[in-house]
$ cat entry_20.pdb   # PDB, C-alpha atoms
MODEL        1
ATOM      1  CA  MET A 281       8.007  31.954  97.618
ATOM      2  CA  ARG A 282       8.338  31.908 101.381
ATOM      3  CA  LYS A 283      11.102  29.994 103.165
ATOM      4  CA  LEU A 284      11.501  29.159 106.826
ATOM      5  CA  VAL A 285      14.288  27.215 108.524
ATOM      6  CA  ILE A 286      13.574  25.502 111.847
ATOM      7  CA  THR A 287      16.279  23.937 114.011
ATOM      8  CA  LEU A 288      15.080  21.042 116.131
ATOM      9  CA  GLY A 289      16.347  20.023 119.551
ATOM     10  CA  LEU A 290      19.098  21.256 121.787
ATOM     11  CA  GLY A 291      21.770  19.370 119.867
ATOM     12  CA  ALA A 292      22.902  22.509 118.061
ATOM     13  CA  LEU A 293      23.620  24.235 121.350
ATOM     14  CA  MET A 294      25.657  21.331 122.636
ATOM     15  CA  THR A 295      27.524  20.322 119.484
ATOM     16  CA  GLY A 296      27.805  23.519 117.442
ATOM     17  CA  CYS A 297      26.761  23.769 113.817
ATOM     18  CA  ALA A 298      26.807  20.042 113.079
ATOM     19  CA  GLY A 299      24.281  19.008 115.745
ATOM     20  CA  ALA A 300      20.524  19.277 115.324
ATOM     21  CA  PRO A 301      18.703  18.397 112.117
ATOM     22  CA  LYS A 302      17.214  21.375 110.327
ATOM     23  CA  ILE A 303      13.875  21.460 108.658
ATOM     24  CA  GLU A 304      13.526  23.790 105.673
ATOM     25  CA  VAL A 305       9.993  24.833 104.813
ATOM     26  CA  SER A 306       9.048  26.614 101.599
ATOM     27  CA  SER A 307       5.629  27.622 100.344
ATOM     28  CA  SER A 308       3.943  29.387  97.467
ATOM     29  CA  GLY A 309       0.497  30.799  96.876
ATOM     30  CA  ALA A 310      -1.748  33.112  98.858
ATOM     31  CA  GLY A 311      -3.183  30.254 100.857
ATOM     32  CA  PRO A 312      -6.594  28.611 100.944
ATOM     33  CA  ALA A 313      -9.654  30.294 102.433
ATOM     34  CA  LYS A 314      -9.790  29.954 106.223
ATOM     35  CA  ALA A 315     -12.081  27.340 107.814
ATOM     36  CA  ALA A 316     -12.789  25.717 104.435
ATOM     37  CA  THR A 317     -13.574  22.063 103.782
ATOM     38  CA  PHE A 318     -11.117  19.607 102.249
ATOM     39  CA  ARG A 319     -10.713  16.038 101.070
ATOM     40  CA  PHE A 320      -7.617  14.066 100.146
ATOM     41  CA  ALA A 321      -6.963  13.361  96.464
ATOM     42  CA  ALA A 322      -7.717   9.844  95.236
ATOM     43  CA  ALA A 323      -8.611   8.243  91.941
ATOM     44  CA  ALA A 324     -12.188   6.981  91.613
ATOM     45  CA  GLY A 325     -12.760   4.008  93.908
ATOM     46  CA  GLU A 326      -9.273   4.193  95.462
ATOM     47  CA  ALA A 327      -8.030   5.160  98.892
ATOM     48  CA  PRO A 328      -6.134   8.470  99.108
ATOM     49  CA  VAL A 329      -2.380   8.251  98.551
ATOM     50  CA  GLY A 330       0.001   8.906 101.431
ATOM     51  CA  PRO A 331      -1.603   6.996 104.301
ATOM     52  CA  LEU A 332       1.533   7.387 106.433
ATOM     53  CA  ILE A 333       1.406  11.178 106.513
ATOM     54  CA  GLN A 334      -2.272  11.936 106.002
ATOM     55  CA  PRO A 335      -3.301  11.469 109.647
ATOM     56  CA  GLN A 336      -0.747  14.095 110.712
ATOM     57  CA  ILE A 337      -1.761  16.433 107.881
ATOM     58  CA  GLU A 338      -5.438  16.059 108.796
ATOM     59  CA  THR A 339      -4.724  16.687 112.497
ATOM     60  CA  ARG A 340      -2.884  19.940 111.669
ATOM     61  CA  LEU A 341      -5.593  21.118 109.251
ATOM     62  CA  VAL A 342      -8.354  20.483 111.795
ATOM     63  CA  ALA A 343      -6.323  22.360 114.440
ATOM     64  CA  LEU A 344      -6.149  25.307 112.021
ATOM     65  CA  GLY A 345      -9.945  25.313 111.583
ATOM     66  CA  TYR A 346     -10.339  23.294 108.381
ATOM     67  CA  ARG A 347     -12.910  20.486 108.174
ATOM     68  CA  ARG A 348     -12.810  17.243 106.217
ATOM     69  CA  ALA A 349     -15.782  16.716 103.892
ATOM     70  CA  GLU A 350     -15.627  14.083 101.177
ATOM     71  CA  ALA A 351     -18.664  15.448  99.345
ATOM     72  CA  ASP A 352     -18.482  19.018  98.024
ATOM     73  CA  ALA A 353     -15.085  19.838  99.569
ATOM     74  CA  ARG A 354     -13.703  23.290  98.740
ATOM     75  CA  TYR A 355     -10.124  21.978  98.401
ATOM     76  CA  VAL A 356      -8.543  18.744  97.265
ATOM     77  CA  ILE A 357      -5.355  18.026  99.228
ATOM     78  CA  GLU A 358      -2.495  16.223  97.506
ATOM     79  CA  THR A 359       0.238  14.821  99.757
ATOM     80  CA  ALA A 360       3.594  13.359  98.859
ATOM     81  CA  ALA A 361       6.518  11.948 100.806
ATOM     82  CA  THR A 362       9.931  11.126  99.404
ATOM     83  CA  ALA A 363      13.210   9.923 100.841
ATOM     84  CA  ARG A 364      16.686   9.378  99.440
ATOM     85  CA  PRO A 365      20.174   8.814 100.803
ATOM     86  CA  LEU A 366      22.614  11.725 100.535
ATOM     87  CA  THR A 367      24.894   9.569  98.403
ATOM     88  CA  VAL A 368      22.235   9.766  95.665
ATOM     89  CA  GLY A 369      21.952  13.132  93.968
ATOM     90  CA  ALA A 370      19.084  14.799  92.157
ATOM     91  CA  TYR A 371      19.718  15.584  88.484
ATOM     92  CA  VAL A 372      17.609  17.087  85.728
ATOM     93  CA  LYS A 373      18.361  16.653  82.035
ATOM     94  CA  SER A 374      17.009  20.021  80.934
ATOM     95  CA  PRO A 375      18.742  22.256  81.777
ATOM     96  CA  ASP A 376      21.571  19.751  82.131
ATOM     97  CA  ALA A 377      22.343  20.315  85.811
ATOM     98  CA  TRP A 378      22.496  18.880  89.312
ATOM     99  CA  LEU A 379      19.760  20.072  91.641
ATOM    100  CA  ASP A 380      21.628  18.415  94.497
ATOM    101  CA  LYS A 381      24.977  16.666  93.931
ATOM    102  CA  PRO A 382      25.650  13.315  95.601
ATOM    103  CA  ARG A 383      27.540  13.695  98.842
ATOM    104  CA  LEU A 384      30.402  11.281  99.169
ATOM    105  CA  ARG A 385      31.492  12.423 102.622
ATOM    106  CA  GLY A 386      29.598  12.349 105.875
ATOM    107  CA  PRO A 387      27.487   9.685 107.560
ATOM    108  CA  LYS A 388      26.824   6.778 105.178
ATOM    109  CA  LYS A 389      23.241   6.403 106.397
ATOM    110  CA  ALA A 390      22.359  10.100 106.133
ATOM    111  CA  GLY A 391      19.415  11.051 103.951
ATOM    112  CA  LEU A 392      16.862  13.636 102.924
ATOM    113  CA  CYS A 393      13.176  13.392 103.824
ATOM    114  CA  GLN A 394      10.596  15.548 102.084
ATOM    115  CA  VAL A 395       6.881  16.025 102.661
ATOM    116  CA  SER A 396       4.736  18.155 100.342
ATOM    117  CA  VAL A 397       1.150  19.319 100.717
ATOM    118  CA  ARG A 398      -0.747  20.945  97.856
ATOM    119  CA  PHE A 399      -4.174  22.628  98.066
ATOM    120  CA  ILE A 400      -6.144  22.542  94.814
ATOM    121  CA  ASP A 401      -9.354  24.512  94.369
ATOM    122  CA  ALA A 402     -11.946  21.764  93.754
ATOM    123  CA  ARG A 403     -14.057  24.044  91.567
ATOM    124  CA  SER A 404     -11.423  25.522  89.254
ATOM    125  CA  GLY A 405      -8.598  22.984  89.515
ATOM    126  CA  ALA A 406      -6.146  25.818  90.217
ATOM    127  CA  GLU A 407      -3.436  25.463  92.819
ATOM    128  CA  ALA A 408      -4.276  27.623  95.827
ATOM    129  CA  TYR A 409      -1.275  26.813  98.010
ATOM    130  CA  ARG A 410       1.742  24.526  98.162
ATOM    131  CA  VAL A 411       4.086  23.833 101.058
ATOM    132  CA  SER A 412       7.130  21.578 101.151
ATOM    133  CA  VAL A 413       9.248  20.440 104.110
ATOM    134  CA  LEU A 414      12.778  19.135 103.675
ATOM    135  CA  GLN A 415      14.808  17.572 106.481
ATOM    136  CA  GLN A 416      18.310  16.152 106.376
ATOM    137  CA  ARG A 417      18.688  13.124 108.617
ATOM    138  CA  THR A 418      21.954  11.757 109.938
ATOM    139  CA  LYS A 419      20.566   8.264 110.567
ATOM    140  CA  ALA A 420      19.051   5.670 108.275
ATOM    141  CA  GLY A 421      15.436   5.899 107.253
ATOM    142  CA  CYS A 422      13.022   8.750 106.925
ATOM    143  CA  ALA A 423      10.165   8.903 109.344
ATOM    144  CA  VAL A 424       7.835  10.742 106.966
ATOM    145  CA  GLN A 425       5.045   9.915 109.375
ATOM    146  CA  ASP A 426       6.952  11.976 111.979
ATOM    147  CA  PRO A 427       4.494  14.619 113.224
ATOM    148  CA  GLN A 428       7.302  17.219 113.257
ATOM    149  CA  LEU A 429       7.251  17.364 109.457
ATOM    150  CA  ALA A 430       3.490  17.943 109.274
ATOM    151  CA  ASP A 431       3.729  20.464 112.123
ATOM    152  CA  ALA A 432       6.448  22.381 110.276
ATOM    153  CA  ALA A 433       4.504  22.335 106.997
ATOM    154  CA  LEU A 434       1.229  23.480 108.504
ATOM    155  CA  SER A 435       2.177  25.593 111.502
ATOM    156  CA  GLU A 436       0.425  28.498 109.778
ATOM    157  CA  ILE A 437      -1.377  28.873 106.462
ATOM    158  CA  PRO A 438       0.068  30.678 104.648
ATOM    159  CA  LEU A 439       3.528  30.645 106.199
ATOM    160  CA  PRO A 440       4.821  34.070 107.196
ATOM    161  CA  VAL A 441       7.413  35.641 104.919
ATOM    162  CA  SER A 442      10.858  35.347 106.500
ATOM    163  CA  PRO A 443      13.238  38.291 106.155
ATOM    164  CA  PRO A 444      16.394  37.586 104.124
ATOM    165  CA  LYS A 445      19.227  36.213 106.239
ATOM    166  CA  PRO A 446      22.614  37.919 106.333
ATOM    167  CA  GLY A 447      25.602  35.968 104.975
ATOM    168  CA  ARG A 448      26.443  32.903 107.042
ATOM    169  CA  SER A 449      29.845  31.920 108.270
ATOM    170  CA  GLY A 450      30.888  28.269 108.333
ATOM    171  CA  GLY A 451      29.902  26.056 111.226
TER     172      GLY A 451
ENDMDL
END

$ encode --input "entry_20.pdb" --output "structure tokens"
Amino acid sequence: MRKLVITLGLGALMTGCAGAPKIEVSSSGAGPAKAATFRFAAAAGEAPVGPLIQPQIETRLVALGYRRAEADARYVIETAATARPLTVGAYVKSPDAWLDKPRLRGPKKAGLCQVSVRFIDARSGAEAYRVSVLQQRTKAGCAVQDPQLADAALSEIPLPVSPPKPGRSGG
């Protein structure tokens, strides 16, 4: 798995560690073939899911040399967008553990926004590539249609492998 952390804006320079929102990007898989065709996933007779983020995803894919083709596409693209306030945690029953504990301190309107893009080989049904973008927001609402999230997810395919970071001191 590859992971990349991007700090947005100049806020971090002006306010120290607490300033600018960070976007964490992780990916897995070797990546789809370059300049291949794609279509967005949809059930028979339905519009593709994720209309808020798909225009940004399509713009990035076209900029990277991919081409949309509904008939005989090489890859089926699945998109997902989720949002939750930081006061709501993420818990799994098996193994009985918190993935992300609720945060009772900090801005009441803060939240997490996540956008995921998955490339599925249309012929074999195998996953060729998956990328996920996670951003913590300090204000209410997630702008999953924000082009910054699609740009971060699809800046390169596949994402470069980041070297491990040395231990971090507090902020």

$ closest_residue --input "entry_20.pdb" --among "A:Ala313, A:Leu414, A:Ile357, A:Ala351" --to "Glu338 in chain A" --atoms "all atoms listed in the file"
A:Ile357

$ closest_residue --input "entry_20.pdb" --among "A:Val413, A:Ala315, A:Val305, A:Leu366" --to "Ala390 in chain A" --atoms "all atoms listed in the file"
A:Leu366

$ closest_residue --input "entry_20.pdb" --among "A:Tyr409, A:Trp378, A:Phe318, A:Phe399" --to "Arg348 in chain A" --atoms "only C-alpha atoms"
A:Phe318

$ closest_residue --input "entry_20.pdb" --among "A:Arg410, A:Lys419, A:Arg340, A:Lys389" --to "Ser435 in chain A" --atoms "all atoms listed in the file"
A:Arg340

$ resolve_selection --input "entry_20.pdb" --expression "the PyMOL selection byres ((chain A and resi 317) around 6)" --output "list in words"
Ala316, Phe318, Tyr346, Arg347, Arg348, Ala349, Ala353 and Arg354 of chain A

$ resolve_selection --input "entry_20.pdb" --expression "the PyMOL selection byres ((chain A and resi 367-376) around 10)" --output "number ranges by chain"
A: 364-366, 377-392

$ write_last_selection --input "entry_20.pdb" --atoms "C-alpha atoms" --output "PDB file, in the frame of the given file"
ATOM      1  CA  ARG A 364      16.686   9.378  99.440  1.00  0.00           C
ATOM      2  CA  PRO A 365      20.174   8.814 100.803  1.00  0.00           C
ATOM      3  CA  LEU A 366      22.614  11.725 100.535  1.00  0.00           C
ATOM      4  CA  ALA A 377      22.343  20.315  85.811  1.00  0.00           C
ATOM      5  CA  TRP A 378      22.496  18.880  89.312  1.00  0.00           C
ATOM      6  CA  LEU A 379      19.760  20.072  91.641  1.00  0.00           C
ATOM      7  CA  ASP A 380      21.628  18.415  94.497  1.00  0.00           C
ATOM      8  CA  LYS A 381      24.977  16.666  93.931  1.00  0.00           C
ATOM      9  CA  PRO A 382      25.650  13.315  95.601  1.00  0.00           C
ATOM     10  CA  ARG A 383      27.540  13.695  98.842  1.00  0.00           C
ATOM     11  CA  LEU A 384      30.402  11.281  99.169  1.00  0.00           C
ATOM     12  CA  ARG A 385      31.492  12.423 102.622  1.00  0.00           C
ATOM     13  CA  GLY A 386      29.598  12.349 105.875  1.00  0.00           C
ATOM     14  CA  PRO A 387      27.487   9.685 107.560  1.00  0.00           C
ATOM     15  CA  LYS A 388      26.824   6.778 105.178  1.00  0.00           C
ATOM     16  CA  LYS A 389      23.241   6.403 106.397  1.00  0.00           C
ATOM     17  CA  ALA A 390      22.359  10.100 106.133  1.00  0.00           C
ATOM     18  CA  GLY A 391      19.415  11.051 103.951  1.00  0.00           C
ATOM     19  CA  LEU A 392      16.862  13.636 102.924  1.00  0.00           C
TER      20      LEU A 392
END

$ residues_around --input "entry_20.pdb" --residues "Val356 in chain A" --least-positions-apart "6" --cutoff "9 Å" --atoms "all atoms listed in the file" --output "list in words"
Thr317, Phe318, Arg319, Phe320, Ala321, Arg398, Phe399, Ile400, Asp401, Ala402 and Gly405 of chain A

$ residues_near_point --input "entry_20.pdb" --point "(-0.6, 25.2, 104.0)" --cutoff "12 Å" --atoms "all atoms listed in the file" --output "PDB file with C-alpha atoms, in the coordinates of the input"
ATOM      1  CA  ARG A 282       8.338  31.908 101.381  1.00  0.00           C
ATOM      2  CA  VAL A 305       9.993  24.833 104.813  1.00  0.00           C
ATOM      3  CA  SER A 306       9.048  26.614 101.599  1.00  0.00           C
ATOM      4  CA  SER A 307       5.629  27.622 100.344  1.00  0.00           C
ATOM      5  CA  SER A 308       3.943  29.387  97.467  1.00  0.00           C
ATOM      6  CA  GLY A 309       0.497  30.799  96.876  1.00  0.00           C
ATOM      7  CA  ALA A 310      -1.748  33.112  98.858  1.00  0.00           C
ATOM      8  CA  GLY A 311      -3.183  30.254 100.857  1.00  0.00           C
ATOM      9  CA  PRO A 312      -6.594  28.611 100.944  1.00  0.00           C
ATOM     10  CA  ALA A 313      -9.654  30.294 102.433  1.00  0.00           C
ATOM     11  CA  LYS A 314      -9.790  29.954 106.223  1.00  0.00           C
ATOM     12  CA  ILE A 337      -1.761  16.433 107.881  1.00  0.00           C
ATOM     13  CA  GLU A 338      -5.438  16.059 108.796  1.00  0.00           C
ATOM     14  CA  ARG A 340      -2.884  19.940 111.669  1.00  0.00           C
ATOM     15  CA  LEU A 341      -5.593  21.118 109.251  1.00  0.00           C
ATOM     16  CA  VAL A 342      -8.354  20.483 111.795  1.00  0.00           C
ATOM     17  CA  LEU A 344      -6.149  25.307 112.021  1.00  0.00           C
ATOM     18  CA  TYR A 346     -10.339  23.294 108.381  1.00  0.00           C
ATOM     19  CA  TYR A 355     -10.124  21.978  98.401  1.00  0.00           C
ATOM     20  CA  ILE A 357      -5.355  18.026  99.228  1.00  0.00           C
ATOM     21  CA  GLU A 358      -2.495  16.223  97.506  1.00  0.00           C
ATOM     22  CA  THR A 359       0.238  14.821  99.757  1.00  0.00           C
ATOM     23  CA  VAL A 395       6.881  16.025 102.661  1.00  0.00           C
ATOM     24  CA  SER A 396       4.736  18.155 100.342  1.00  0.00           C
ATOM     25  CA  VAL A 397       1.150  19.319 100.717  1.00  0.00           C
ATOM     26  CA  ARG A 398      -0.747  20.945  97.856  1.00  0.00           C
ATOM     27  CA  PHE A 399      -4.174  22.628  98.066  1.00  0.00           C
ATOM     28  CA  ILE A 400      -6.144  22.542  94.814  1.00  0.00           C
ATOM     29  CA  GLU A 407      -3.436  25.463  92.819  1.00  0.00           C
ATOM     30  CA  ALA A 408      -4.276  27.623  95.827  1.00  0.00           C
ATOM     31  CA  TYR A 409      -1.275  26.813  98.010  1.00  0.00           C
ATOM     32  CA  ARG A 410       1.742  24.526  98.162  1.00  0.00           C
ATOM     33  CA  VAL A 411       4.086  23.833 101.058  1.00  0.00           C
ATOM     34  CA  SER A 412       7.130  21.578 101.151  1.00  0.00           C
ATOM     35  CA  VAL A 413       9.248  20.440 104.110  1.00  0.00           C
ATOM     36  CA  ALA A 430       3.490  17.943 109.274  1.00  0.00           C
ATOM     37  CA  ASP A 431       3.729  20.464 112.123  1.00  0.00           C
ATOM     38  CA  ALA A 432       6.448  22.381 110.276  1.00  0.00           C
ATOM     39  CA  ALA A 433       4.504  22.335 106.997  1.00  0.00           C
ATOM     40  CA  LEU A 434       1.229  23.480 108.504  1.00  0.00           C
ATOM     41  CA  SER A 435       2.177  25.593 111.502  1.00  0.00           C
ATOM     42  CA  GLU A 436       0.425  28.498 109.778  1.00  0.00           C
ATOM     43  CA  ILE A 437      -1.377  28.873 106.462  1.00  0.00           C
ATOM     44  CA  PRO A 438       0.068  30.678 104.648  1.00  0.00           C
ATOM     45  CA  LEU A 439       3.528  30.645 106.199  1.00  0.00           C
ATOM     46  CA  PRO A 440       4.821  34.070 107.196  1.00  0.00           C
TER      47      PRO A 440
END

$ atom_distance --input "entry_20.pdb" --atom1 "CA of Gln416 in chain A" --atom2 "CA of Ala361 in chain A"
13.7 Å

$ atom_distance --input "entry_20.pdb" --atom1 "CA of Gln428 in chain A" --atom2 "CA of Gln394 in chain A"
11.8 Å

$ closest_residue --input "entry_20.pdb" --among "A:Glu304, A:Ala343, A:Asp352, A:Leu332" --to "Arg403 in chain A" --atoms "all atoms listed in the file"
A:Asp352

$ decode --input "entry_20.pdb" --residues "range 381-392 of chain A" --atoms "all heavy atoms" --output "PDB file, in the first residue's frame"
ATOM      1  N   LYS A 381     -11.733   6.329  17.087  1.00  0.00           N
ATOM      2  CA  LYS A 381     -12.576   6.672  18.239  1.00  0.00           C
ATOM      3  C   LYS A 381     -13.234   8.033  18.045  1.00  0.00           C
ATOM      4  O   LYS A 381     -12.669   8.918  17.411  1.00  0.00           O
ATOM      5  CB  LYS A 381     -11.737   6.695  19.507  1.00  0.00           C
ATOM      6  CG  LYS A 381     -11.290   5.329  19.950  1.00  0.00           C
ATOM      7  CD  LYS A 381     -10.572   5.409  21.277  1.00  0.00           C
ATOM      8  CE  LYS A 381     -10.172   4.022  21.729  1.00  0.00           C
ATOM      9  NZ  LYS A 381      -9.539   4.030  23.041  1.00  0.00           N
ATOM     10  N   PRO A 382     -14.423   8.207  18.632  1.00  0.00           N
ATOM     11  CA  PRO A 382     -15.058   9.534  18.578  1.00  0.00           C
ATOM     12  C   PRO A 382     -14.173  10.564  19.273  1.00  0.00           C
ATOM     13  O   PRO A 382     -13.506  10.247  20.253  1.00  0.00           O
ATOM     14  CB  PRO A 382     -16.355   9.337  19.365  1.00  0.00           C
ATOM     15  CG  PRO A 382     -16.549   7.883  19.506  1.00  0.00           C
ATOM     16  CD  PRO A 382     -15.212   7.241  19.366  1.00  0.00           C
ATOM     17  N   ARG A 383     -14.168  11.746  18.751  1.00  0.00           N
ATOM     18  CA  ARG A 383     -13.356  12.812  19.338  1.00  0.00           C
ATOM     19  C   ARG A 383     -14.287  13.802  20.027  1.00  0.00           C
ATOM     20  O   ARG A 383     -15.116  14.422  19.380  1.00  0.00           O
ATOM     21  CB  ARG A 383     -12.532  13.490  18.256  1.00  0.00           C
ATOM     22  CG  ARG A 383     -11.585  12.470  17.633  1.00  0.00           C
ATOM     23  CD  ARG A 383     -10.847  13.010  16.477  1.00  0.00           C
ATOM     24  NE  ARG A 383     -10.296  11.879  15.737  1.00  0.00           N
ATOM     25  CZ  ARG A 383      -9.834  11.958  14.536  1.00  0.00           C
ATOM     26  NH1 ARG A 383      -9.851  13.105  13.901  1.00  0.00           N
ATOM     27  NH2 ARG A 383      -9.355  10.900  13.937  1.00  0.00           N
ATOM     28  N   LEU A 384     -14.122  13.899  21.321  1.00  0.00           N
ATOM     29  CA  LEU A 384     -15.021  14.729  22.108  1.00  0.00           C
ATOM     30  C   LEU A 384     -14.498  16.139  22.295  1.00  0.00           C
ATOM     31  O   LEU A 384     -15.196  17.004  22.774  1.00  0.00           O
ATOM     32  CB  LEU A 384     -15.274  14.063  23.461  1.00  0.00           C
ATOM     33  CG  LEU A 384     -15.824  12.631  23.343  1.00  0.00           C
ATOM     34  CD1 LEU A 384     -15.992  12.008  24.716  1.00  0.00           C
ATOM     35  CD2 LEU A 384     -17.134  12.607  22.580  1.00  0.00           C
ATOM     36  N   ARG A 385     -13.259  16.374  21.908  1.00  0.00           N
ATOM     37  CA  ARG A 385     -12.676  17.712  21.993  1.00  0.00           C
ATOM     38  C   ARG A 385     -12.421  18.235  20.587  1.00  0.00           C
ATOM     39  O   ARG A 385     -12.294  17.483  19.656  1.00  0.00           O
ATOM     40  CB  ARG A 385     -11.359  17.672  22.758  1.00  0.00           C
ATOM     41  CG  ARG A 385     -11.550  17.280  24.193  1.00  0.00           C
ATOM     42  CD  ARG A 385     -10.269  17.383  24.942  1.00  0.00           C
ATOM     43  NE  ARG A 385     -10.528  17.004  26.324  1.00  0.00           N
ATOM     44  CZ  ARG A 385      -9.657  17.057  27.258  1.00  0.00           C
ATOM     45  NH1 ARG A 385      -8.441  17.466  27.001  1.00  0.00           N
ATOM     46  NH2 ARG A 385      -9.958  16.698  28.480  1.00  0.00           N
ATOM     47  N   GLY A 386     -12.300  19.524  20.489  1.00  0.00           N
ATOM     48  CA  GLY A 386     -12.030  20.142  19.191  1.00  0.00           C
ATOM     49  C   GLY A 386     -13.280  20.799  18.646  1.00  0.00           C
ATOM     50  O   GLY A 386     -14.324  20.827  19.292  1.00  0.00           O
ATOM     51  N   PRO A 387     -13.191  21.325  17.437  1.00  0.00           N
ATOM     52  CA  PRO A 387     -14.337  22.025  16.841  1.00  0.00           C
ATOM     53  C   PRO A 387     -15.543  21.091  16.727  1.00  0.00           C
ATOM     54  O   PRO A 387     -15.432  19.971  16.260  1.00  0.00           O
ATOM     55  CB  PRO A 387     -13.834  22.437  15.462  1.00  0.00           C
ATOM     56  CG  PRO A 387     -12.351  22.322  15.521  1.00  0.00           C
ATOM     57  CD  PRO A 387     -12.028  21.308  16.560  1.00  0.00           C
ATOM     58  N   LYS A 388     -16.696  21.561  17.163  1.00  0.00           N
ATOM     59  CA  LYS A 388     -17.918  20.741  17.143  1.00  0.00           C
ATOM     60  C   LYS A 388     -18.367  20.399  15.723  1.00  0.00           C
ATOM     61  O   LYS A 388     -19.033  19.410  15.501  1.00  0.00           O
ATOM     62  CB  LYS A 388     -19.059  21.467  17.874  1.00  0.00           C
ATOM     63  CG  LYS A 388     -18.793  21.639  19.343  1.00  0.00           C
ATOM     64  CD  LYS A 388     -18.890  20.330  20.056  1.00  0.00           C
ATOM     65  CE  LYS A 388     -18.680  20.519  21.552  1.00  0.00           C
ATOM     66  NZ  LYS A 388     -18.223  19.357  22.224  1.00  0.00           N
ATOM     67  N   LYS A 389     -18.030  21.227  14.767  1.00  0.00           N
ATOM     68  CA  LYS A 389     -18.485  21.001  13.390  1.00  0.00           C
ATOM     69  C   LYS A 389     -17.441  20.285  12.533  1.00  0.00           C
ATOM     70  O   LYS A 389     -17.640  20.106  11.354  1.00  0.00           O
ATOM     71  CB  LYS A 389     -18.861  22.333  12.745  1.00  0.00           C
ATOM     72  CG  LYS A 389     -20.049  22.979  13.426  1.00  0.00           C
ATOM     73  CD  LYS A 389     -20.432  24.260  12.740  1.00  0.00           C
ATOM     74  CE  LYS A 389     -21.658  24.851  13.413  1.00  0.00           C
ATOM     75  NZ  LYS A 389     -22.109  26.058  12.763  1.00  0.00           N
ATOM     76  N   ALA A 390     -16.328  19.883  13.154  1.00  0.00           N
ATOM     77  CA  ALA A 390     -15.268  19.219  12.394  1.00  0.00           C
ATOM     78  C   ALA A 390     -15.744  17.861  11.887  1.00  0.00           C
ATOM     79  O   ALA A 390     -16.612  17.227  12.477  1.00  0.00           O
ATOM     80  CB  ALA A 390     -14.029  19.050  13.263  1.00  0.00           C
ATOM     81  N   GLY A 391     -15.172  17.413  10.777  1.00  0.00           N
ATOM     82  CA  GLY A 391     -15.570  16.136  10.218  1.00  0.00           C
ATOM     83  C   GLY A 391     -14.518  15.541   9.305  1.00  0.00           C
ATOM     84  O   GLY A 391     -13.484  16.152   9.030  1.00  0.00           O
ATOM     85  N   LEU A 392     -14.775  14.321   8.885  1.00  0.00           N
ATOM     86  CA  LEU A 392     -13.914  13.614   7.947  1.00  0.00           C
ATOM     87  C   LEU A 392     -14.650  13.452   6.624  1.00  0.00           C
ATOM     88  O   LEU A 392     -15.826  13.100   6.598  1.00  0.00           O
ATOM     89  CB  LEU A 392     -13.549  12.229   8.481  1.00  0.00           C
ATOM     90  CG  LEU A 392     -12.681  12.187   9.723  1.00  0.00           C
ATOM     91  CD1 LEU A 392     -12.561  10.757  10.228  1.00  0.00           C
ATOM     92  CD2 LEU A 392     -11.307  12.754   9.426  1.00  0.00           C
TER      93      LEU A 392
END
